[in-house]
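Asker: Here's a structure for you.
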Amino acid sequence: MTQALVNVPAKAKRGEVIEIKTLISHPMETGYRHTANGVPIPRDIIHTFVCRYNGEQVFRADLHQAIAANPFITFFTVATESGTIELAWTDDHNETQTQKADIVVE
Amino acid sequence: MRASDRTDTATRRRFLVVAGSLAGGLAGGAGLAPLLGPRPAAATPAMLAAAIREMVGEAPVREGKVTLDLPPLVENGNAVPMTITVDSPMTAADHVKSIHVFNEKNPQPYVATFHLGPRAGKAKVSTRVRLADSQKVVAIAEMSDGSFWSDSVNMIVTLAACVEEGDGAL
């Protein structure tokens, strides 16, 4: 898989609700399209996106073909403690792309 | 006003209407594309209802608490911004467990399921969706007490997603 862009605040106050924005480059091929020669293009989508905060899952999304190419997902979480926020996307080839961001909670 | 005048006006008006819709179709770019090429079978309102039943079971789904934010009219169905907000305190005792999104007329009725919990702090999720036709989109939130709440939006899509064929050689 390719590049992912994530936006996680570097600093937050304890208990603050922070927004996490993510964007990953992926065709999200539906499996319903054909080439010019009429050959079906196989399905290739990111079906699962998970956010773990210091190892604990805080958000998960199960995606289907109706999600646009280059999936953009934003959500919120509570800044509980300093540590690492890990974002992982898994596609139909069972390839997982992981992106990590550190957060300091005061 | 003479009868012939009235006819002229009516004809002119009809001409403008036809010309306008033609221009609109052409401006829509691939407006004719759905007529060409094979098109996958679309989900139907019955499939939407069945998909929702499968997800929620026998529980009643009430309207309210959920706000599904989608533009009422979009030009391009390939990437439509969507935001779902659920009115919930998001505490350990009272929070949103998951948000399910369904559509009526894409080839299949599922859009996405978002799993939240008390650690979300705020029940608000945004993404971008594909819409193959003008249709109804439904968001259903499952609360920690087992209740289901929903909101729906009827949308108009001028250029549909999914219908244009790939150009890559395969």
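Starting from 1 in every chain, residues are counted up; chains themselves are A, B, ... following the order of the structure tokens, and ligands are numbered from 1 as listed.
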Write out as a ChimeraX atom specification the residues lying within 7 Å of B:Asn78, counting only C-alpha atoms and excluding same-chain residues fewer than 5 positions away.
Answerer: /A:68 /B:130-131,160-161
Asker: Based on only C-alpha atoms, which of the residues in chain B come within 6 Å of chain A? I want them as an MDAnalysis selection string.
Answerer: chainID B and resid 79 111:116 119:122 125:130 165:167
Asker: Can those selected residues be exported to a file as a PDB file, in the first residue's frame so that it contains N, CA and C atoms?
Answerer:
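out.pdb was written with the following content:
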```
ATOM      1  N   ALA B  79     -17.329  11.010  -4.809  1.00  0.00           N
ATOM      2  CA  ALA B  79     -16.806  11.351  -3.482  1.00  0.00           C
ATOM      3  C   ALA B  79     -17.734  12.388  -2.861  1.00  0.00           C
ATOM      4  N   VAL B 111     -22.667   0.652   3.397  1.00  0.00           N
ATOM      5  CA  VAL B 111     -21.702   1.732   3.183  1.00  0.00           C
ATOM      6  C   VAL B 111     -20.543   1.558   4.170  1.00  0.00           C
ATOM      7  N   ALA B 112     -20.845   1.582   5.452  1.00  0.00           N
ATOM      8  CA  ALA B 112     -19.800   1.422   6.462  1.00  0.00           C
ATOM      9  C   ALA B 112     -20.426   1.193   7.825  1.00  0.00           C
ATOM     10  N   THR B 113     -19.616   0.614   8.718  1.00  0.00           N
ATOM     11  CA  THR B 113     -20.002   0.515  10.123  1.00  0.00           C
ATOM     12  C   THR B 113     -18.855   1.089  10.942  1.00  0.00           C
ATOM     13  N   PHE B 114     -19.176   2.016  11.829  1.00  0.00           N
ATOM     14  CA  PHE B 114     -18.165   2.627  12.694  1.00  0.00           C
ATOM     15  C   PHE B 114     -18.411   2.136  14.111  1.00  0.00           C
ATOM     16  N   HIS B 115     -17.341   1.610  14.740  1.00  0.00           N
ATOM     17  CA  HIS B 115     -17.464   1.105  16.106  1.00  0.00           C
ATOM     18  C   HIS B 115     -16.852   2.131  17.046  1.00  0.00           C
ATOM     19  N   LEU B 116     -17.671   2.659  17.932  1.00  0.00           N
ATOM     20  CA  LEU B 116     -17.203   3.668  18.872  1.00  0.00           C
ATOM     21  C   LEU B 116     -17.311   3.104  20.289  1.00  0.00           C
ATOM     22  N   ARG B 119     -14.618   5.855  24.964  1.00  0.00           N
ATOM     23  CA  ARG B 119     -13.349   6.560  24.763  1.00  0.00           C
ATOM     24  C   ARG B 119     -13.372   7.476  23.557  1.00  0.00           C
ATOM     25  N   ALA B 120     -14.451   7.465  22.801  1.00  0.00           N
ATOM     26  CA  ALA B 120     -14.538   8.363  21.649  1.00  0.00           C
ATOM     27  C   ALA B 120     -14.728   9.811  22.108  1.00  0.00           C
ATOM     28  N   GLY B 121     -15.405   9.992  23.232  1.00  0.00           N
ATOM     29  CA  GLY B 121     -15.611  11.348  23.741  1.00  0.00           C
ATOM     30  C   GLY B 121     -16.724  12.083  23.032  1.00  0.00           C
ATOM     31  N   LYS B 122     -16.803  11.882  21.762  1.00  0.00           N
ATOM     32  CA  LYS B 122     -17.773  12.605  20.949  1.00  0.00           C
ATOM     33  C   LYS B 122     -18.187  11.682  19.808  1.00  0.00           C
ATOM     34  N   VAL B 125     -18.446  11.246  13.211  1.00  0.00           N
ATOM     35  CA  VAL B 125     -17.565  10.584  12.251  1.00  0.00           C
ATOM     36  C   VAL B 125     -17.800  11.200  10.880  1.00  0.00           C
ATOM     37  N   SER B 126     -16.718  11.414  10.131  1.00  0.00           N
ATOM     38  CA  SER B 126     -16.857  11.919   8.765  1.00  0.00           C
ATOM     39  C   SER B 126     -16.101  11.024   7.809  1.00  0.00           C
ATOM     40  N   THR B 127     -16.615  10.893   6.599  1.00  0.00           N
ATOM     41  CA  THR B 127     -15.897  10.201   5.537  1.00  0.00           C
ATOM     42  C   THR B 127     -16.440  10.686   4.198  1.00  0.00           C
ATOM     43  N   ARG B 128     -16.025   9.999   3.121  1.00  0.00           N
ATOM     44  CA  ARG B 128     -16.547  10.341   1.794  1.00  0.00           C
ATOM     45  C   ARG B 128     -17.106   9.071   1.180  1.00  0.00           C
ATOM     46  N   VAL B 129     -18.287   9.174   0.593  1.00  0.00           N
ATOM     47  CA  VAL B 129     -18.938   7.983   0.053  1.00  0.00           C
ATOM     48  C   VAL B 129     -19.153   8.090  -1.451  1.00  0.00           C
ATOM     49  N   ARG B 130     -19.462   6.922  -2.035  1.00  0.00           N
ATOM     50  CA  ARG B 130     -19.791   6.830  -3.457  1.00  0.00           C
ATOM     51  C   ARG B 130     -21.278   6.574  -3.577  1.00  0.00           C
ATOM     52  N   GLU B 165     -16.382   2.933 -16.736  1.00  0.00           N
ATOM     53  CA  GLU B 165     -15.540   1.744 -16.768  1.00  0.00           C
ATOM     54  C   GLU B 165     -14.068   2.121 -16.665  1.00  0.00           C
ATOM     55  N   GLY B 166     -13.266   1.141 -16.245  1.00  0.00           N
ATOM     56  CA  GLY B 166     -11.846   1.382 -16.091  1.00  0.00           C
ATOM     57  C   GLY B 166     -11.174   1.517 -17.461  1.00  0.00           C
ATOM     58  N   ASP B 167     -10.001   2.132 -17.482  1.00  0.00           N
ATOM     59  CA  ASP B 167      -9.308   2.300 -18.764  1.00  0.00           C
ATOM     60  C   ASP B 167      -8.044   1.449 -18.827  1.00  0.00           C
TER      61      ASP B 167
END
```
Asker: Extract, using only C-alpha atoms, all DNA, RNA and protein residues at most 8 Å from B:Pro109, discarding same-chain residues fewer than 6 positions from it, and format them as a list in words.
Answerer: Ala43, Met47, Leu48, Ala51, Phe102 and Asn103 of chain B
Asker: Take atom CA of B:Asn76 and atom CA of A:Gln97 and report the distance between them in Å, one decimal.
Answerer: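 Answer for the atom CA of B:Asn76 to atom CA of A:Gln97 separation: 28.7 Å.
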Asker: Neighbours of B:Pro72 within 12 Å (only C-alpha atoms; same-chain residues fewer than 2 positions away dropped), as a PyMOL selection string?
Answerer: chain B and resi 68-70+74-75+77+80-82+134-137+152-158
Asker: Calculate how many Å separate atom CA of A:Gly55 from atom CA of A:Ile85, rounding to one decimal.
Answerer: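 About the pair atom CA of A:Gly55 and atom CA of A:Ile85: they are 8.1 Å apart.
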Asker: Quick one: of A:Asn54, A:Asn7, A:Thr2, A:Thr84, who's nearest to A:Pro27, counting only C-alpha atoms?
Answerer: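 Using only C-alpha atoms, the shortest distance to A:Pro27 belongs to A:Thr2.
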Asker: Excluding same-chain residues fewer than 4 positions from A:Thr96, what lies within 12 Å of it counting only C-alpha atoms, as a PyMOL selection string?
Answerer: chain A and resi 1-4+24+45-50+87-92
Asker: With C-alpha atoms retained, write the just-selected residues as an mmCIF file, in the first residue's frame.
Answerer:
```cif
data_model
loop_
_atom_site.group_PDB
_atom_site.id
_atom_site.type_symbol
_atom_site.label_atom_id
_atom_site.label_comp_id
_atom_site.auth_asym_id
_atom_site.auth_seq_id
_atom_site.Cartn_x
_atom_site.Cartn_y
_atom_site.Cartn_z
ATOM 1 C CA MET A 1 0.000 0.000 0.000
ATOM 2 C CA THR A 2 1.007 3.558 -0.256
ATOM 3 C CA GLN A 3 1.016 6.794 1.569
ATOM 4 C CA ALA A 4 -1.173 7.742 4.491
ATOM 5 C CA ILE A 24 -4.848 7.079 2.708
ATOM 6 C CA ILE A 45 -10.846 -2.227 -1.083
ATOM 7 C CA ILE A 46 -9.681 -1.323 2.394
ATOM 8 C CA HIS A 47 -12.209 -3.211 4.493
ATOM 9 C CA THR A 48 -11.001 -2.401 7.973
ATOM 10 C CA PHE A 49 -9.572 0.666 9.655
ATOM 11 C CA VAL A 50 -8.551 0.542 13.305
ATOM 12 C CA LEU A 87 -3.742 3.766 12.834
ATOM 13 C CA ALA A 88 -3.999 0.669 10.680
ATOM 14 C CA TRP A 89 -5.708 0.077 7.320
ATOM 15 C CA THR A 90 -6.201 -3.457 5.971
ATOM 16 C CA ASP A 91 -7.154 -4.193 2.346
ATOM 17 C CA ASP A 92 -8.350 -7.194 0.329
#
```
